[in-house]
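Working notes for the structure below.
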Amino acid sequence: MSQNWDDLAEWWSAEVVKDQAYATDVHPILGDLLPEEPGAAMDLGCGEGQGMRITGAFGCDLSIDLLRRATASGSVVQTRLPDLGWLRDASLDTAYAVYLLDLIEDDDGFFRESARVVRPGGALVVVMNHPVYTAPGSAPISDTDGEILWRWGSYFKRGSSSEPAGAGEVEFFHRPISDLLTTAAASGWLLTRIIERGLSREVVESIPSYVGQEDIPRLLGVRWTRGRSAPGL
Ligand SMILES: C[S@@+](CC[C@H](N)C(=O)[O-])C[C@H]1O[C@@H](n2cnc3c(N)ncnc32)[C@H](O)[C@@H]1O
């Protein structure tokens with residue numbers, strides 16, 4: 001299994017250009033959830049920098065090859081998240097992560113570290129694959145009349161699965177929404193808004209294997225506000 005995003009950098013940089021879902025689905029959700037004025041903002045897992053180009057945020061990522069590309073869009077730091085030890089307490093107004101959280105095994109560390117570096121009253125926004133979609137063993141199945149239904153797999157249990165990505169594979173870490181929200185709350189994140197979506201008609205029409213999946217949860221967006229006091233800080 002390849003979890004090395006430097007090996008995937010070339011493939012990912014081409015994906016972001018051709019993947020229509022960013023324009024029609026992912027970035028609109030991010031825009032709906034981010035504060036109108038994000039202030040000092042950090043793109044966690046910024047990749048080649050497409051989010052930074054929209055938000056004007058700083059970026060951080062594990063992959064040096066993707067960070068080299070992201071420097072064209074702003075200042076970046078190499079880090080292995082959830083490590084944000086290089087940032088001072090309460091130094092950010094906003095942190096956000098797109099398609100990152102389900103690549104991080106230590107979700108508790110992700111919420112604790114982001115709560116430490118975002119000031120009280122600041123925001124955390126996450127846009128990710130919907131947990132209904134990442135549950136190990138979950139898959140579309142076709143009913144006898146051709147209707148596409150969803151097999152839930154082991155949704156209620158934390159787990160992981162390897163999925164193809166370019167010439168390699170990436171491990172996705174699944175946790176049900178109840179776990180995700182409870183873990184965030186334990187770090188002092190106050191839930192502000194949730195968005196759940198299927199794929200838009202434009203995306204479904206452009207990829208024949210998605211036809212019939214319009215009403216199946218595919219994307220999850222969450223905005224939290226940093227409470228005045230965060231446990232353990
Ligand atoms: C699916 S890409 C998304 C990139 C970017 N957010 C976007 O929407 O274009 C996932 C990104 O997360 C980064 N990543 C994965 N695990 C990481 C970790 N533990 N720490 C920092 N970055 C990580 C990868 O290098 C990659 O750039």
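By convention here, the chains of the structure tokens are called A, B, ... in the order presented, each chain's residues are numbered starting at 1, and ligands are numbered starting at 1 in the order presented.
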
Next on the checklist: Could you list, as a list of chain:residue names, all residues that come within 7 Å of ligand 1? Count only C-alpha atoms and all ligand atoms.
Outcome noted: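 What falls inside 7 Å of ligand 1 is A:Trp5, A:Val16, A:Leu44, A:Gly45, A:Cys46, A:Gly47, A:Glu48, A:Gly49, A:Gln50, A:Gly51, A:Cys60, A:Asp61, A:Leu62, A:Ser63, A:Leu66, A:Thr79, A:Arg80, A:Leu81, A:Pro82, A:Ala97, A:Val98, A:Tyr99, A:Leu100, A:Leu103, A:Ile104.
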
Could the residues in this selection be saved with N, CA and C atoms as a short mmCIF file (atom, residue, chain, number, x, y, z; two decimals), in the first residue's frame?
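This went into part_20.cif:
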data_model
loop_
_atom_site.label_atom_id
_atom_site.label_comp_id
_atom_site.auth_asym_id
_atom_site.auth_seq_id
_atom_site.Cartn_x
_atom_site.Cartn_y
_atom_site.Cartn_z
N TRP A 5 2.46 10.37 -0.23
CA TRP A 5 1.83 11.30 -1.16
C TRP A 5 2.82 11.94 -2.13
N VAL A 16 -6.87 17.13 -9.57
CA VAL A 16 -7.57 18.33 -9.11
C VAL A 16 -8.03 19.18 -10.30
N LEU A 44 -5.17 22.77 6.21
CA LEU A 44 -4.52 21.57 6.74
C LEU A 44 -4.57 20.46 5.68
N GLY A 45 -3.41 20.03 5.21
CA GLY A 45 -3.38 19.06 4.10
C GLY A 45 -3.71 19.77 2.81
N CYS A 46 -2.94 20.82 2.52
CA CYS A 46 -3.28 21.75 1.41
C CYS A 46 -3.03 21.16 0.03
N GLY A 47 -2.28 20.03 -0.06
CA GLY A 47 -1.98 19.46 -1.37
C GLY A 47 -1.23 20.46 -2.23
N GLU A 48 -1.63 20.56 -3.51
CA GLU A 48 -0.93 21.47 -4.43
C GLU A 48 -1.42 22.90 -4.32
N GLY A 49 -2.36 23.17 -3.40
CA GLY A 49 -2.69 24.56 -3.06
C GLY A 49 -3.98 25.11 -3.63
N GLN A 50 -4.84 24.24 -4.18
CA GLN A 50 -6.05 24.78 -4.81
C GLN A 50 -6.96 25.50 -3.80
N GLY A 51 -7.04 24.98 -2.57
CA GLY A 51 -7.86 25.64 -1.54
C GLY A 51 -7.27 27.00 -1.16
N CYS A 60 -0.31 23.70 4.93
CA CYS A 60 0.65 22.71 5.44
C CYS A 60 0.27 21.35 4.90
N ASP A 61 1.28 20.52 4.72
CA ASP A 61 1.06 19.20 4.12
C ASP A 61 2.29 18.35 4.42
N LEU A 62 2.10 17.05 4.22
CA LEU A 62 3.19 16.10 4.42
C LEU A 62 4.08 15.99 3.19
N SER A 63 3.50 16.14 2.02
CA SER A 63 4.22 15.85 0.78
C SER A 63 5.03 17.05 0.30
N LEU A 66 4.07 18.06 -3.33
CA LEU A 66 2.85 18.87 -3.44
C LEU A 66 3.09 20.27 -2.87
N THR A 79 4.58 19.28 7.38
CA THR A 79 4.29 18.67 8.68
C THR A 79 3.55 17.37 8.48
N ARG A 80 3.66 16.49 9.49
CA ARG A 80 2.84 15.28 9.49
C ARG A 80 1.70 15.52 10.48
N LEU A 81 0.54 15.82 9.94
CA LEU A 81 -0.62 16.07 10.80
C LEU A 81 -0.99 14.78 11.54
N PRO A 82 -1.47 14.90 12.79
CA PRO A 82 -2.00 16.12 13.39
C PRO A 82 -0.98 17.04 14.05
N ALA A 97 -9.84 21.82 6.52
CA ALA A 97 -9.23 20.65 5.90
C ALA A 97 -10.20 20.06 4.90
N VAL A 98 -9.73 19.88 3.66
CA VAL A 98 -10.56 19.31 2.61
C VAL A 98 -9.99 17.95 2.21
N TYR A 99 -10.81 16.91 2.29
CA TYR A 99 -10.40 15.55 1.93
C TYR A 99 -9.12 15.15 2.68
N LEU A 100 -9.06 15.46 3.95
CA LEU A 100 -7.86 15.15 4.74
C LEU A 100 -8.20 14.29 5.95
N LEU A 103 -7.94 10.62 6.06
CA LEU A 103 -6.61 10.06 5.81
C LEU A 103 -5.77 10.04 7.09
N ILE A 104 -6.32 10.61 8.17
CA ILE A 104 -5.59 10.76 9.43
C ILE A 104 -6.12 9.73 10.43
#

Next on the checklist: Show me, as number ranges by chain, the residues that have an atom within 8 Å of Glu196 in chain A when counting only C-alpha atoms, minus same-chain residues fewer than 3 positions from it.
Outcome noted: A: 130, 217-221

I need the chosen residues saved as a PDB file, in the first residue's frame, with N, CA and C atoms.
ATOM      1  N   HIS A 130     -18.220  11.398   3.007  1.00  0.00           N
ATOM      2  CA  HIS A 130     -19.223  11.080   4.025  1.00  0.00           C
ATOM      3  C   HIS A 130     -18.904   9.707   4.630  1.00  0.00           C
ATOM      4  N   PRO A 217     -25.485   9.503   0.387  1.00  0.00           N
ATOM      5  CA  PRO A 217     -24.562  10.468   0.997  1.00  0.00           C
ATOM      6  C   PRO A 217     -23.133  10.264   0.511  1.00  0.00           C
ATOM      7  N   ARG A 218     -22.500  11.337   0.073  1.00  0.00           N
ATOM      8  CA  ARG A 218     -21.150  11.223  -0.481  1.00  0.00           C
ATOM      9  C   ARG A 218     -20.187  12.239   0.137  1.00  0.00           C
ATOM     10  N   LEU A 219     -20.719  13.396   0.522  1.00  0.00           N
ATOM     11  CA  LEU A 219     -19.860  14.448   1.078  1.00  0.00           C
ATOM     12  C   LEU A 219     -20.410  14.929   2.409  1.00  0.00           C
ATOM     13  N   LEU A 220     -19.481  15.210   3.314  1.00  0.00           N
ATOM     14  CA  LEU A 220     -19.862  15.764   4.619  1.00  0.00           C
ATOM     15  C   LEU A 220     -19.040  17.027   4.855  1.00  0.00           C
ATOM     16  N   GLY A 221     -19.717  18.088   5.234  1.00  0.00           N
ATOM     17  CA  GLY A 221     -19.030  19.326   5.604  1.00  0.00           C
ATOM     18  C   GLY A 221     -19.470  19.730   7.002  1.00  0.00           C
TER      19      GLY A 221
END

Next on the checklist: Measuring between only C-alpha atoms, which one of A:Gly39, A:Arg151, A:Ile54, A:Ala135 shows the shortest distance to Phe172 in chain A?
Outcome noted: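 When distances to Phe172 in chain A are compared using only C-alpha atoms, the smallest one comes from A:Ala135.
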
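Omitting Leu199 in chain A and its sequence neighbours fewer than 3 positions away, and counting only C-alpha atoms, the residues within 9 Å are Ala21, Thr24, Asp25, Glu202, Val203, Val204, Tyr210, Gln213, Glu214, Asp215, Ile216, Pro217, Arg218 and Leu219 of chain A.
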
Expected file: the selected residues, N, CA and C atoms, as a short mmCIF file (atom, residue, chain, number, x, y, z; two decimals), in the first residue's frame:
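Okay, part_29.cif is ready:
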data_model
loop_
_atom_site.label_atom_id
_atom_site.label_comp_id
_atom_site.auth_asym_id
_atom_site.auth_seq_id
_atom_site.Cartn_x
_atom_site.Cartn_y
_atom_site.Cartn_z
N ALA A 21 -15.92 17.48 -9.44
CA ALA A 21 -16.60 17.56 -8.14
C ALA A 21 -16.09 18.72 -7.30
N THR A 24 -18.13 21.83 -8.55
CA THR A 24 -19.60 21.81 -8.39
C THR A 24 -20.03 21.43 -6.98
N ASP A 25 -19.19 20.68 -6.25
CA ASP A 25 -19.64 20.13 -4.96
C ASP A 25 -18.74 20.54 -3.79
N GLU A 202 -24.22 17.11 -12.23
CA GLU A 202 -23.13 17.31 -13.20
C GLU A 202 -22.06 16.22 -13.05
N VAL A 203 -21.71 15.92 -11.81
CA VAL A 203 -20.66 14.91 -11.59
C VAL A 203 -21.17 13.53 -11.98
N VAL A 204 -22.39 13.22 -11.57
CA VAL A 204 -22.96 11.91 -11.88
C VAL A 204 -23.03 11.72 -13.40
N TYR A 210 -21.44 6.33 -11.61
CA TYR A 210 -22.15 6.98 -10.50
C TYR A 210 -23.65 7.12 -10.75
N GLN A 213 -26.66 7.12 -8.11
CA GLN A 213 -26.17 7.35 -6.74
C GLN A 213 -26.42 8.78 -6.25
N GLU A 214 -27.25 9.53 -6.96
CA GLU A 214 -27.45 10.95 -6.62
C GLU A 214 -27.92 11.15 -5.18
N ASP A 215 -28.74 10.21 -4.67
CA ASP A 215 -29.32 10.40 -3.33
C ASP A 215 -28.56 9.66 -2.24
N ILE A 216 -27.38 9.16 -2.58
CA ILE A 216 -26.58 8.45 -1.57
C ILE A 216 -25.58 9.43 -0.97
N PRO A 217 -25.48 9.50 0.39
CA PRO A 217 -24.56 10.47 1.00
C PRO A 217 -23.13 10.26 0.51
N ARG A 218 -22.50 11.34 0.07
CA ARG A 218 -21.15 11.22 -0.48
C ARG A 218 -20.19 12.24 0.14
N LEU A 219 -20.72 13.40 0.52
CA LEU A 219 -19.86 14.45 1.08
C LEU A 219 -20.41 14.93 2.41
#

Checklist entry - range 105-109 of chain A: which residues within 6 Å, counting only C-alpha atoms, same-chain residues fewer than 2 positions away excluded, as a list of chain:residue names? => result A:Pro82, A:Phe111, A:Arg112, A:Glu113, A:Phe173, A:Thr183

Next on the checklist: Report, in Å with one decimal, the straight-line distance from CA of Ile177 in chain A to CA of Ser162 in chain A.
Outcome noted: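 A separation of 20.0 Å between them.
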
Next on the checklist: DSSP on the backbone, alpha helix (DSSP H) only: what residues of range 14-230 of chain A does that give? Format it as a ChimeraX atom specification.
Outcome noted: /A:14-18,20-21,27-33,50-55,64-70,107-117,131-134,177-186,201-206

Checklist entry - Which neighbours of Ser154 in chain A fall inside 10 Å, counting only C-alpha atoms, when residues of the same chain fewer than 5 positions from it are skipped, and could you give them as a list in words? => result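 In the requested form, the answer reads Val132, Thr134, Ala135, Pro136, Gly137, Ser138, Gly159, His174, Arg175 and Pro176 of chain A.
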